[in-house]
>>> print(open('query_34.cif').read())   # mmCIF, C-alpha atoms and all ligand atoms
data_data
#
loop_
_atom_site.label_atom_id
_atom_site.label_comp_id
_atom_site.auth_asym_id
_atom_site.auth_seq_id
_atom_site.Cartn_x
_atom_site.Cartn_y
_atom_site.Cartn_z
CA MET B 22 0.00 0.00 0.00
CA THR B 23 1.30 3.42 -0.95
CA VAL B 24 1.61 5.84 1.97
CA ILE B 25 3.56 8.70 0.41
CA SER B 26 3.34 9.51 -3.28
CA LEU B 27 4.90 12.21 -5.41
CA GLN B 28 3.81 12.36 -9.02
CA HIS B 29 5.64 14.61 -11.45
CA VAL B 30 6.25 17.26 -8.82
CA THR B 31 7.97 20.45 -9.94
CA LYS B 32 8.93 23.49 -7.93
CA ASP B 33 11.13 25.79 -9.94
CA TYR B 34 12.95 28.45 -7.88
CA GLY B 35 14.73 29.72 -10.97
CA HIS B 36 18.38 29.39 -12.02
CA GLY B 37 18.03 25.60 -12.15
CA ARG B 38 17.20 25.40 -8.44
CA GLY B 39 14.28 23.45 -7.03
CA ILE B 40 12.85 20.05 -7.95
CA PHE B 41 11.81 18.95 -11.40
CA ASP B 42 9.34 16.22 -12.37
CA VAL B 43 10.07 14.26 -9.19
CA SER B 44 8.09 11.03 -8.83
CA PHE B 45 8.43 8.30 -6.23
CA HIS B 46 6.33 6.50 -3.68
CA VAL B 47 6.89 4.99 -0.27
CA ASN B 48 5.07 1.79 0.65
CA LYS B 49 3.67 1.06 4.08
CA GLY B 50 6.17 -0.44 6.49
CA THR B 51 9.23 0.39 4.41
CA VAL B 52 12.14 2.77 4.84
CA TYR B 53 12.78 4.99 1.85
CA GLY B 54 16.13 6.69 1.43
CA PHE B 55 16.37 9.98 -0.35
CA LEU B 56 20.03 10.48 -1.02
CA GLY B 57 21.75 13.47 -2.53
CA PRO B 58 24.32 16.20 -2.02
CA ASN B 59 23.60 19.58 -0.45
CA GLY B 60 21.27 21.67 -2.56
CA ALA B 61 19.93 18.64 -4.45
CA GLY B 62 16.31 19.29 -3.50
CA LYS B 63 15.74 16.87 -0.59
CA THR B 64 14.27 19.45 1.79
CA THR B 65 12.18 20.96 -0.99
CA ALA B 66 10.60 17.56 -1.73
CA ILE B 67 10.01 16.91 1.97
CA ARG B 68 8.38 20.31 2.46
CA HIS B 69 5.93 19.38 -0.29
CA ILE B 70 5.13 16.09 1.44
CA MET B 71 4.43 17.97 4.67
CA GLY B 72 2.16 20.42 2.86
CA PHE B 73 4.33 23.46 3.67
CA SER B 74 4.84 24.17 0.02
CA LYS B 75 2.50 24.04 -2.98
CA PRO B 76 3.76 22.23 -6.07
CA GLN B 77 3.74 24.24 -9.30
CA GLN B 78 3.04 21.00 -11.11
CA GLY B 79 2.23 17.50 -9.98
CA VAL B 80 0.54 15.98 -6.95
CA VAL B 81 1.78 14.92 -3.53
CA THR B 82 -0.37 12.64 -1.39
CA VAL B 83 -0.01 11.07 2.04
CA ASN B 84 -2.40 8.18 2.73
CA GLY B 85 -4.34 9.27 -0.33
CA LEU B 86 -4.81 12.86 0.89
CA ASP B 87 -3.46 15.76 -1.14
CA SER B 88 -0.68 17.22 1.04
CA TRP B 89 -1.33 20.83 0.13
CA LYS B 90 -5.11 20.69 0.50
CA ASN B 91 -4.95 18.71 3.75
CA ALA B 92 -1.82 20.30 5.15
CA SER B 93 -3.03 20.72 8.73
CA THR B 94 -4.27 17.12 9.05
CA ILE B 95 -1.03 15.81 7.61
CA GLN B 96 1.16 18.00 9.79
CA VAL B 97 -0.59 16.84 12.97
CA LYS B 98 -0.48 13.14 12.10
CA LEU B 99 3.00 12.74 10.69
CA GLY B 100 6.21 12.76 12.66
CA TYR B 101 8.50 15.31 11.05
CA LEU B 102 12.06 16.00 12.00
CA PRO B 103 13.26 19.06 10.05
CA GLY B 104 16.87 19.48 8.99
CA GLU B 105 17.21 22.65 11.01
CA VAL B 106 15.18 23.15 14.13
CA ALA B 107 14.59 26.40 15.93
CA LEU B 108 13.81 25.68 19.57
CA PRO B 109 12.65 28.23 22.13
CA GLU B 110 15.90 29.11 23.90
CA HIS B 111 14.27 30.50 27.04
CA LEU B 112 12.44 27.27 27.97
CA THR B 113 13.86 24.22 29.67
CA GLY B 114 13.76 21.00 27.68
CA LYS B 115 11.00 19.71 29.96
CA GLN B 116 8.90 22.85 29.49
CA PHE B 117 9.28 22.58 25.73
CA ILE B 118 8.28 18.91 25.80
CA GLN B 119 5.20 19.79 27.88
CA MET B 120 4.33 22.59 25.47
CA MET B 121 4.56 20.23 22.51
CA MET B 122 2.50 17.59 24.32
CA ASP B 123 -0.25 20.16 24.92
CA LEU B 124 -0.06 21.38 21.33
CA ARG B 125 -0.26 17.88 19.96
CA LYS B 126 -2.88 16.94 22.57
CA VAL B 127 -0.79 13.95 23.64
CA LYS B 128 -2.25 12.66 26.90
CA ASN B 129 -0.05 9.66 27.48
CA ASP B 130 3.64 10.37 28.04
CA THR B 131 4.80 6.73 27.91
CA HIS B 132 6.22 7.01 24.41
CA CYS B 133 7.86 10.33 25.19
CA LYS B 134 9.56 8.80 28.25
CA LYS B 135 10.72 5.87 26.12
CA LEU B 136 12.31 8.28 23.64
CA LEU B 137 14.03 10.32 26.38
CA ASP B 138 15.42 7.09 27.76
CA PHE B 139 16.46 5.70 24.41
CA PHE B 140 18.32 8.85 23.40
CA GLU B 141 19.63 9.42 26.94
CA LEU B 142 18.44 12.98 27.08
CA ASP B 143 18.30 14.87 30.35
CA ALA B 144 15.78 17.57 29.41
CA SER B 145 15.93 19.52 32.66
CA SER B 146 18.31 22.27 31.54
CA LYS B 147 17.45 25.36 29.55
CA VAL B 148 17.52 24.94 25.78
CA LYS B 149 20.07 27.78 25.42
CA ARG B 150 22.51 25.84 27.64
CA MET B 151 22.15 22.64 25.59
CA SER B 152 24.81 21.39 23.19
CA LEU B 153 23.92 20.98 19.52
CA GLY B 154 23.60 17.23 20.04
CA MET B 155 21.19 17.70 22.98
CA LYS B 156 19.09 20.09 20.93
CA ARG B 157 18.89 17.53 18.13
CA LYS B 158 17.78 14.90 20.63
CA LEU B 159 15.15 17.24 22.03
CA ALA B 160 13.90 17.85 18.49
CA ILE B 161 13.73 14.08 17.91
CA VAL B 162 11.77 13.47 21.12
CA THR B 163 9.26 16.22 20.40
CA ALA B 164 8.88 15.16 16.74
CA PHE B 165 7.92 11.60 17.63
CA MET B 166 6.30 11.85 21.09
CA HIS B 167 2.87 11.08 19.56
CA ASP B 168 4.17 7.80 18.14
CA PRO B 169 3.22 8.61 14.51
CA ASP B 170 2.75 5.92 11.85
CA VAL B 171 4.70 7.91 9.27
CA LEU B 172 8.08 9.45 10.02
CA ILE B 173 9.70 12.06 7.81
CA LEU B 174 13.33 12.60 8.67
CA ASP B 175 15.32 15.34 6.99
CA GLU B 176 19.03 14.60 7.47
CA PRO B 177 18.28 13.24 10.93
CA THR B 178 21.78 12.47 12.14
CA SER B 179 23.43 15.79 11.39
CA GLY B 180 24.74 17.24 14.65
CA LEU B 181 24.79 13.86 16.42
CA ASP B 182 28.03 12.24 17.56
CA PRO B 183 28.89 8.81 16.08
CA ILE B 184 27.42 6.91 19.04
CA MET B 185 24.16 8.78 18.79
CA GLN B 186 24.15 8.38 15.01
CA GLN B 187 24.24 4.63 15.58
CA ARG B 188 21.52 4.96 18.21
CA PHE B 189 19.43 6.81 15.67
CA ILE B 190 19.94 4.07 13.07
CA ASP B 191 18.76 1.57 15.72
CA PHE B 192 15.73 3.77 16.35
CA VAL B 193 14.83 3.78 12.63
CA ARG B 194 15.19 0.01 12.46
CA ASP B 195 13.03 -0.46 15.58
CA GLU B 196 10.35 1.81 14.18
CA LYS B 197 10.39 -0.16 10.93
CA ARG B 198 9.97 -3.37 12.93
CA ARG B 199 6.94 -1.75 14.58
CA GLY B 200 5.42 -1.33 11.11
CA LYS B 201 6.15 2.38 10.63
CA THR B 202 6.63 3.98 7.23
CA ILE B 203 9.76 6.10 7.07
CA LEU B 204 11.24 8.56 4.62
CA LEU B 205 14.79 9.54 5.39
CA SER B 206 16.84 12.09 3.52
CA SER B 207 20.58 12.06 3.81
CA HIS B 208 23.86 12.85 2.13
CA ILE B 209 25.54 10.09 4.13
CA PHE B 210 25.77 6.76 2.31
CA THR B 211 26.27 4.61 5.36
CA GLU B 212 23.06 5.56 7.15
CA VAL B 213 21.02 5.01 4.00
CA ASP B 214 22.80 1.72 3.45
CA ALA B 215 22.09 0.67 7.04
CA THR B 216 18.41 1.52 7.13
CA CYS B 217 16.68 1.79 3.76
CA ASP B 218 14.82 -0.72 1.57
CA GLU B 219 14.27 1.55 -1.40
CA ILE B 220 16.61 4.32 -2.43
CA SER B 221 16.48 7.26 -4.80
CA ILE B 222 19.39 9.47 -5.67
CA ILE B 223 18.55 13.10 -6.33
CA LYS B 224 20.86 15.61 -7.94
CA ASP B 225 20.15 19.15 -9.14
CA GLY B 226 16.45 18.60 -8.46
CA HIS B 227 16.18 15.47 -10.63
CA ILE B 228 15.93 11.88 -9.49
CA ILE B 229 18.75 10.20 -11.35
CA SER B 230 18.39 6.66 -9.99
CA SER B 231 15.89 4.62 -7.96
CA PHE B 232 16.28 1.04 -6.84
CA ASN B 233 15.47 -1.60 -4.29
CA LYS B 234 18.46 -2.46 -2.15
CA GLN B 235 17.84 -6.22 -2.06
CA GLU B 236 17.47 -6.31 -5.84
CA LEU B 237 20.68 -4.39 -6.21
CA LEU B 238 22.52 -6.77 -3.89
CA LYS B 239 21.22 -9.78 -5.82
CA MET B 240 22.27 -8.31 -9.15
CA THR B 241 25.64 -7.13 -7.99
CA GLU B 242 28.70 -9.28 -8.47
CA LYS B 243 30.30 -10.59 -5.35
CA VAL B 244 34.02 -10.07 -5.04
CA PHE B 245 36.43 -12.52 -3.41
CA HIS B 246 40.00 -12.10 -2.35
CA VAL B 247 42.08 -15.24 -2.80
CA THR B 248 45.72 -15.92 -1.96
CA VAL B 249 47.42 -19.13 -3.15
CA GLU B 250 50.64 -20.61 -1.88
CA ASN B 251 53.11 -20.17 -4.71
CA ASN B 252 53.75 -18.77 -8.15
CA MET B 253 52.87 -21.96 -10.00
CA TYR B 254 49.39 -22.17 -8.45
CA TYR B 255 48.96 -18.45 -8.88
CA THR B 256 49.64 -18.68 -12.62
CA GLN B 257 47.32 -21.66 -13.05
CA LEU B 258 44.49 -20.06 -11.12
CA VAL B 259 44.81 -16.80 -13.08
CA GLN B 260 44.60 -18.79 -16.34
CA GLN B 261 41.54 -20.72 -15.25
CA ILE B 262 39.71 -17.63 -14.03
CA GLU B 263 40.52 -15.76 -17.22
CA ALA B 264 39.32 -18.70 -19.31
CA ASP B 265 35.86 -18.75 -17.71
CA VAL B 266 33.42 -16.03 -18.78
CA LYS B 267 31.46 -16.43 -15.54
CA PHE B 268 34.37 -15.06 -13.53
CA HIS B 269 36.12 -11.73 -13.69
CA LEU B 270 39.65 -11.17 -12.63
CA LEU B 271 39.48 -7.75 -11.01
CA LEU B 272 42.94 -7.50 -9.46
CA LYS B 273 46.05 -9.65 -9.38
CA ASN B 274 49.42 -9.44 -7.73
CA GLU B 275 52.07 -11.91 -8.86
CA GLN B 276 54.44 -10.94 -6.06
CA THR B 277 52.03 -11.91 -3.30
CA TYR B 278 49.98 -14.52 -5.29
CA GLU B 279 46.79 -12.63 -4.55
CA LEU B 280 43.74 -12.30 -6.79
CA GLN B 281 40.41 -10.58 -6.62
CA ILE B 282 37.68 -12.40 -8.47
CA GLY B 283 34.18 -11.17 -9.23
CA CYS B 284 31.25 -13.46 -9.86
CA CYS B 285 27.46 -13.38 -9.74
CA PRO B 286 25.82 -15.02 -6.72
CA LYS B 287 24.39 -17.80 -8.93
CA ASP B 288 27.90 -18.86 -10.02
CA LEU B 289 29.34 -18.80 -6.55
CA SER B 290 29.44 -22.55 -5.91
CA GLN B 291 31.35 -23.07 -9.16
CA LEU B 292 33.90 -20.50 -8.13
CA ILE B 293 34.36 -22.20 -4.76
CA LYS B 294 34.84 -25.58 -6.48
CA LEU B 295 37.44 -24.14 -8.81
CA VAL B 296 39.37 -22.40 -6.05
CA ALA B 297 39.18 -25.52 -3.85
CA ASN B 298 41.49 -27.31 -6.31
CA PHE B 299 44.33 -25.05 -5.21
CA PRO B 300 46.24 -24.78 -1.96
CA VAL B 301 44.64 -21.57 -0.72
CA SER B 302 46.15 -19.60 2.12
CA SER B 303 43.34 -17.07 2.35
CA PHE B 304 39.85 -16.65 0.98
CA SER B 305 37.54 -13.81 1.92
CA GLU B 306 34.65 -11.82 0.53
CA VAL B 307 35.26 -8.18 -0.22
CA THR B 308 32.03 -6.81 1.18
CA PHE B 309 29.82 -4.85 -1.13
CA SER B 310 29.58 -1.22 -0.31
CA LEU B 311 26.66 0.83 -1.45
CA GLU B 312 28.97 3.80 -1.21
CA LYS B 313 31.25 2.34 -3.85
CA HIS B 314 28.26 1.67 -6.06
CA PHE B 315 27.03 5.23 -5.65
CA MET B 316 30.40 6.73 -6.36
CA GLU B 317 30.76 4.64 -9.51
CA PHE B 318 27.26 5.62 -10.53
CA TYR B 319 27.92 9.27 -9.88
CA ASP B 320 31.23 9.27 -11.68
CA ARG B 321 29.70 7.59 -14.69
CA ARG B 322 26.54 9.60 -14.98
CA VAL B 323 27.30 13.08 -13.83
CA GLY B 324 30.96 13.26 -12.92
CA GLY B 325 32.18 14.30 -9.53
CA GLY B 326 31.32 13.23 -6.02
CA LEU B 327 28.32 13.65 -3.86
CA SER B 328 29.23 16.64 -1.77
N1 LIG A 401 12.32 29.02 -0.79
C1 LIG A 401 13.31 28.97 -1.69
N2 LIG A 401 13.52 29.98 -2.56
C2 LIG A 401 14.50 29.91 -3.49
N3 LIG A 401 15.35 28.88 -3.61
C3 LIG A 401 15.23 27.85 -2.76
C4 LIG A 401 14.20 27.83 -1.76
N4 LIG A 401 14.29 26.67 -1.08
C5 LIG A 401 15.32 25.99 -1.62
N5 LIG A 401 15.90 26.69 -2.64
C6 LIG A 401 17.01 26.25 -3.49
O1 LIG A 401 16.64 25.00 -4.07
C7 LIG A 401 17.74 24.10 -4.09
C8 LIG A 401 17.40 22.87 -3.32
O2 LIG A 401 17.40 23.15 -1.93
P1 LIG A 401 17.07 22.07 -0.81
O3 LIG A 401 15.80 21.38 -1.15
O4 LIG A 401 17.13 22.76 0.50
O5 LIG A 401 18.30 21.05 -0.96
P2 LIG A 401 18.82 19.91 0.04
O6 LIG A 401 17.83 19.76 1.14
O7 LIG A 401 18.94 18.69 -0.82
O8 LIG A 401 20.16 20.35 0.53
C9 LIG A 401 18.93 24.88 -3.53
O9 LIG A 401 19.64 25.42 -4.60
C10 LIG A 401 18.27 25.96 -2.70
O10 LIG A 401 19.11 27.10 -2.62
MG MG A 402 18.08 19.92 3.17
#
>>> encode(input="query_34.cif", output="structure tokens", more="lines below")
Ligand SMILES: Nc1ncnc2c1ncn2[C@@H]1O[C@H](COP(=O)(O)OP(=O)(O)O)[C@@H](O)[C@H]1O
Ligand SMILES: [Mg+2]
Amino acid sequence: MTVISLQHVTKDYGHGRGIFDVSFHVNKGTVYGFLGPNGAGKTTAIRHIMGFSKPQQGVVTVNGLDSWKNASTIQVKLGYLPGEVALPEHLTGKQFIQMMMDLRKVKNDTHCKKLLDFFELDASSKVKRMSLGMKRKLAIVTAFMHDPDVLILDEPTSGLDPIMQQRFIDFVRDEKRRGKTILLSSHIFTEVDATCDEISIIKDGHIISSFNKQELLKMTEKVFHVTVENNMYYTQLVQQIEADVKFHLLLKNEQTYELQIGCCPKDLSQLIKLVANFPVSSFSEVTFSLEKHFMEFYDRRVGGGLS
């Protein structure tokens, strides 16, 4: 079931800035990654989902409701963590949480307490005395205190230290397990890699690639690092790998008798059989990195890196 849908959405700010003909949808219970460099259009797309911004062309819906026409309903129901949050500096964290609970008409504070615990936030001090990380945590707690079914996270881990970044990834995974639908924007490969099922890459306001992570992993060649014991075996193995179209010799080093061999998952058992004929001193998988895939994709299609 589709929860969030963007169909041919355009918002042109002029000078090539904005988003152009952006279409994607997020299914119930999945985590959708929206990946792109600064200025790519991630926040612009998210602001359309939240109904803060009216598309010049196209339609945005959440649970079948037009985001712009039903903005207030959508904004109350969804959990939205903006990229930049302005918090009232003069309040204590606790006062701010209470204020947000009243505003959202949240009666039960169980979920809020769970979040404070999970993110280890002591909310008793004044917001203006809080570190950037504490402010981010306070924003997280107040964004999700009503335990929403749909979470919209705009670069959620910026400003968090590495331990808290990991904690946040755990939070996203837990929420997914609880059946939540999540859209997460990011310019960080690893957090998208760690959390998302479906991924789109956006650049200069255009979606340049969309894929399912499991599909990508299945299609992608696996790479193995093999070391054999001496030069004779090394030469023979190189010959046999090169002679078989199923295998690809990606790297070789005749000084150290090392090879890197690529093969599709379906041909894996044949590769293992072939390698097993040799005295092997090491055999390991070179783990697939989404980051590497993205960088290759970026270099090929548009040139240059992500940031
Ligand atoms: N309200 C606005 N008026 C004019 N230009 C804007 C506005 N909002 C965003 N932009 C421009 O649109 C582009 C996309 O911005 P944004 O969606 O914030 O990117 P991201 O979140 O991916 O970093 C940027 O070039 C930005 O300067
Ligand atoms: Mg942004």
>>> residues_near_ligand(input="query_34.cif", ligand="ligand MG 402 (chain A)", cutoff="7 Å", atoms="all atoms listed in the file", output="list in words")
Asn59, Gly60, Gly62, Lys63, Thr64, Gly104, Asp175 and Glu176 of chain B
>>> closest_atom_pairs(input="query_34.cif", of="chain B", to="ligand LIG 401 (chain A)", cutoff="9 Å", atoms="all atoms listed in the file", output="CSV")
residue,atom,partner,partner_atom,distance
B:Lys32,CA,A:LIG401,O1,8.8
B:Asp33,CA,A:LIG401,O1,8.1
B:Tyr34,CA,A:LIG401,C2,4.9
B:Gly35,CA,A:LIG401,N3,7.4
B:His36,CA,A:LIG401,O9,8.5
B:Gly37,CA,A:LIG401,O9,7.7
B:Arg38,CA,A:LIG401,O1,4.4
B:Gly39,CA,A:LIG401,O1,4.1
B:Ile40,CA,A:LIG401,C8,7.1
B:Leu56,CA,A:LIG401,O7,8.3
B:Gly57,CA,A:LIG401,O7,6.2
B:Pro58,CA,A:LIG401,O7,6.0
B:Asn59,CA,A:LIG401,O8,3.7
B:Gly60,CA,A:LIG401,O5,3.4
B:Ala61,CA,A:LIG401,O7,3.8
B:Gly62,CA,A:LIG401,O3,3.2
B:Lys63,CA,A:LIG401,O7,3.7
B:Thr64,CA,A:LIG401,O6,3.6
B:Thr65,CA,A:LIG401,O3,3.6
B:Ala66,CA,A:LIG401,O3,6.5
B:Ile67,CA,A:LIG401,O3,8.0
B:Arg68,CA,A:LIG401,O3,8.3
B:Ser74,CA,A:LIG401,N1,9.0
B:Gly104,CA,A:LIG401,O6,7.9
B:Asp175,CA,A:LIG401,O6,7.7
B:Glu176,CA,A:LIG401,O6,8.3
B:Ser206,CA,A:LIG401,O6,8.1
B:Ser207,CA,A:LIG401,O7,8.3
B:His208,CA,A:LIG401,O7,8.2
B:Ile223,CA,A:LIG401,O7,7.9
B:Lys224,CA,A:LIG401,O7,8.0
B:Asp225,CA,A:LIG401,C8,7.4
B:Gly226,CA,A:LIG401,C8,6.7
>>> closest_residue(input="query_34.cif", among="B:His246, B:Arg198, B:Arg188, B:Lys98", to="Val52 (chain B)", atoms="all atoms listed in the file")
B:Arg198
>>> atom_distance(input="query_34.cif", atom1="CA of Val307 (chain B)", atom2="CA of Asn252 (chain B)")
22.7 Å
>>> residues_around(input="query_34.cif", residues="Cys217 (chain B)", least_positions_apart="3", cutoff="6 Å", atoms="all atoms listed in the file", output="ChimeraX atom specification")
/B:52-54,213
>>> closest_residue(input="query_34.cif", among="B:Ser26, B:Thr163, B:Thr113, B:Asn129", to="Ala144 (chain B)", atoms="only C-alpha atoms")
B:Thr113
>>> residues_around(input="query_34.cif", residues="Phe140 (chain B)", least_positions_apart="6", cutoff="9 Å", atoms="all atoms listed in the file", output="ChimeraX atom specification")
/B:158,161-162,185,188-189
>>> write_last_selection(input="query_34.cif", atoms="C-alpha atoms", output="mmCIF file, in the coordinates of the input")
data_model
loop_
_atom_site.group_PDB
_atom_site.id
_atom_site.type_symbol
_atom_site.label_atom_id
_atom_site.label_comp_id
_atom_site.auth_asym_id
_atom_site.auth_seq_id
_atom_site.Cartn_x
_atom_site.Cartn_y
_atom_site.Cartn_z
ATOM 1 C CA LYS B 158 17.780 14.900 20.630
ATOM 2 C CA ILE B 161 13.730 14.080 17.910
ATOM 3 C CA VAL B 162 11.770 13.470 21.120
ATOM 4 C CA MET B 185 24.160 8.780 18.790
ATOM 5 C CA ARG B 188 21.520 4.960 18.210
ATOM 6 C CA PHE B 189 19.430 6.810 15.670
#
>>> residues_around(input="query_34.cif", residues="Phe304 (chain B)", least_positions_apart="3", cutoff="12 Å", atoms="all atoms listed in the file", output="list of chain:residue names")
B:Val244, B:Phe245, B:His246, B:Val247, B:Thr248, B:Val249, B:Glu250, B:Glu279, B:Leu280, B:Gln281, B:Ile282, B:Leu292, B:Ile293, B:Val296, B:Ala297, B:Phe299, B:Pro300, B:Val301, B:Val307
>>> atom_distance(input="query_34.cif", atom1="CA of Glu105 (chain B)", atom2="CA of Thr211 (chain B)")
21.0 Å
>>> closest_residue(input="query_34.cif", among="B:Ile220, B:Ala164, B:Leu270, B:Ala264", to="Arg125 (chain B)", atoms="all atoms listed in the file")
B:Ala164
>>> atom_distance(input="query_34.cif", atom1="CA of Leu142 (chain B)", atom2="CA of Ser93 (chain B)")
29.3 Å
>>> residues_around(input="query_34.cif", residues="Lys267 (chain B)", least_positions_apart="5", cutoff="10 Å", atoms="all atoms listed in the file", output="list in words")
Ile262, Gly283, Cys284, Cys285, Lys287, Asp288, Leu289, Gln291 and Leu292 of chain B
>>> write_last_selection(input="query_34.cif", atoms="C-alpha atoms", output="mmCIF file, keeping the file's coordinate frame")
data_model
loop_
_atom_site.group_PDB
_atom_site.id
_atom_site.type_symbol
_atom_site.label_atom_id
_atom_site.label_comp_id
_atom_site.auth_asym_id
_atom_site.auth_seq_id
_atom_site.Cartn_x
_atom_site.Cartn_y
_atom_site.Cartn_z
ATOM 1 C CA ILE B 262 39.710 -17.630 -14.030
ATOM 2 C CA GLY B 283 34.180 -11.170 -9.230
ATOM 3 C CA CYS B 284 31.250 -13.460 -9.860
ATOM 4 C CA CYS B 285 27.460 -13.380 -9.740
ATOM 5 C CA LYS B 287 24.390 -17.800 -8.930
ATOM 6 C CA ASP B 288 27.900 -18.860 -10.020
ATOM 7 C CA LEU B 289 29.340 -18.800 -6.550
ATOM 8 C CA GLN B 291 31.350 -23.070 -9.160
ATOM 9 C CA LEU B 292 33.900 -20.500 -8.130
#
>>> residues_around(input="query_34.cif", residues="Leu99 (chain B)", least_positions_apart="5", cutoff="8 Å", atoms="all atoms listed in the file", output="PyMOL selection string")
chain B and resi 169-173
>>> closest_residue(input="query_34.cif", among="B:Val148, B:Phe232, B:Leu258, B:Phe139", to="Gln187 (chain B)", atoms="only C-alpha atoms")
B:Phe139
>>> closest_residue(input="query_34.cif", among="B:Ser230, B:Gln186, B:Ser152, B:Thr241", to="Thr308 (chain B)", atoms="only C-alpha atoms")
B:Thr241
>>> residues_near_point(input="query_34.cif", point="(4.7, 15.3, -14.9)", cutoff="12 Å", atoms="all atoms listed in the file", output="VMD selection string")
chain B and resid 27 to 32 40 to 45 76 to 81
>>> closest_residue(input="query_34.cif", among="B:Asp191, B:Asp218, B:Asp130, B:Glu110", to="Ile203 (chain B)", atoms="only C-alpha atoms")
B:Asp218
>>> build_atoms(input="query_34.cif", residues="region 23-37 of chain B", atoms="N, CA and C atoms", output="mmCIF file, in the frame of the given file")
data_model
loop_
_atom_site.group_PDB
_atom_site.id
_atom_site.type_symbol
_atom_site.label_atom_id
_atom_site.label_comp_id
_atom_site.auth_asym_id
_atom_site.auth_seq_id
_atom_site.Cartn_x
_atom_site.Cartn_y
_atom_site.Cartn_z
ATOM 1 N N THR B 23 0.510 2.189 -0.858
ATOM 2 C CA THR B 23 1.300 3.420 -0.950
ATOM 3 C C THR B 23 0.911 4.383 0.167
ATOM 4 N N VAL B 24 1.891 4.854 0.906
ATOM 5 C CA VAL B 24 1.610 5.840 1.970
ATOM 6 C C VAL B 24 1.949 7.245 1.476
ATOM 7 N N ILE B 25 3.156 7.389 0.921
ATOM 8 C CA ILE B 25 3.560 8.700 0.410
ATOM 9 C C ILE B 25 3.731 8.587 -1.107
ATOM 10 N N SER B 26 3.192 9.559 -1.829
ATOM 11 C CA SER B 26 3.340 9.510 -3.280
ATOM 12 C C SER B 26 3.611 10.894 -3.847
ATOM 13 N N LEU B 27 4.637 10.982 -4.654
ATOM 14 C CA LEU B 27 4.900 12.210 -5.410
ATOM 15 C C LEU B 27 4.786 11.861 -6.881
ATOM 16 N N GLN B 28 3.971 12.627 -7.599
ATOM 17 C CA GLN B 28 3.810 12.360 -9.020
ATOM 18 C C GLN B 28 4.131 13.614 -9.819
ATOM 19 N N HIS B 29 5.225 13.531 -10.546
ATOM 20 C CA HIS B 29 5.640 14.610 -11.450
ATOM 21 C C HIS B 29 5.650 15.979 -10.763
ATOM 22 N N VAL B 30 6.259 16.030 -9.607
ATOM 23 C CA VAL B 30 6.250 17.260 -8.820
ATOM 24 C C VAL B 30 7.373 18.203 -9.261
ATOM 25 N N THR B 31 6.991 19.423 -9.563
ATOM 26 C CA THR B 31 7.970 20.450 -9.940
ATOM 27 C C THR B 31 7.789 21.676 -9.075
ATOM 28 N N LYS B 32 8.904 22.176 -8.576
ATOM 29 C CA LYS B 32 8.930 23.490 -7.930
ATOM 30 C C LYS B 32 10.191 24.167 -8.433
ATOM 31 N N ASP B 33 10.000 25.148 -9.286
ATOM 32 C CA ASP B 33 11.130 25.790 -9.940
ATOM 33 C C ASP B 33 11.420 27.119 -9.254
ATOM 34 N N TYR B 34 12.576 27.198 -8.549
ATOM 35 C CA TYR B 34 12.950 28.450 -7.880
ATOM 36 C C TYR B 34 13.753 29.362 -8.800
ATOM 37 N N GLY B 35 13.930 28.938 -10.023
ATOM 38 C CA GLY B 35 14.730 29.720 -10.970
ATOM 39 C C GLY B 35 16.199 29.339 -10.909
ATOM 40 N N HIS B 36 16.937 29.677 -11.931
ATOM 41 C CA HIS B 36 18.380 29.390 -12.020
ATOM 42 C C HIS B 36 18.686 27.907 -11.799
ATOM 43 N N GLY B 37 17.794 27.044 -12.259
ATOM 44 C CA GLY B 37 18.030 25.600 -12.150
ATOM 45 C C GLY B 37 17.868 25.047 -10.739
#
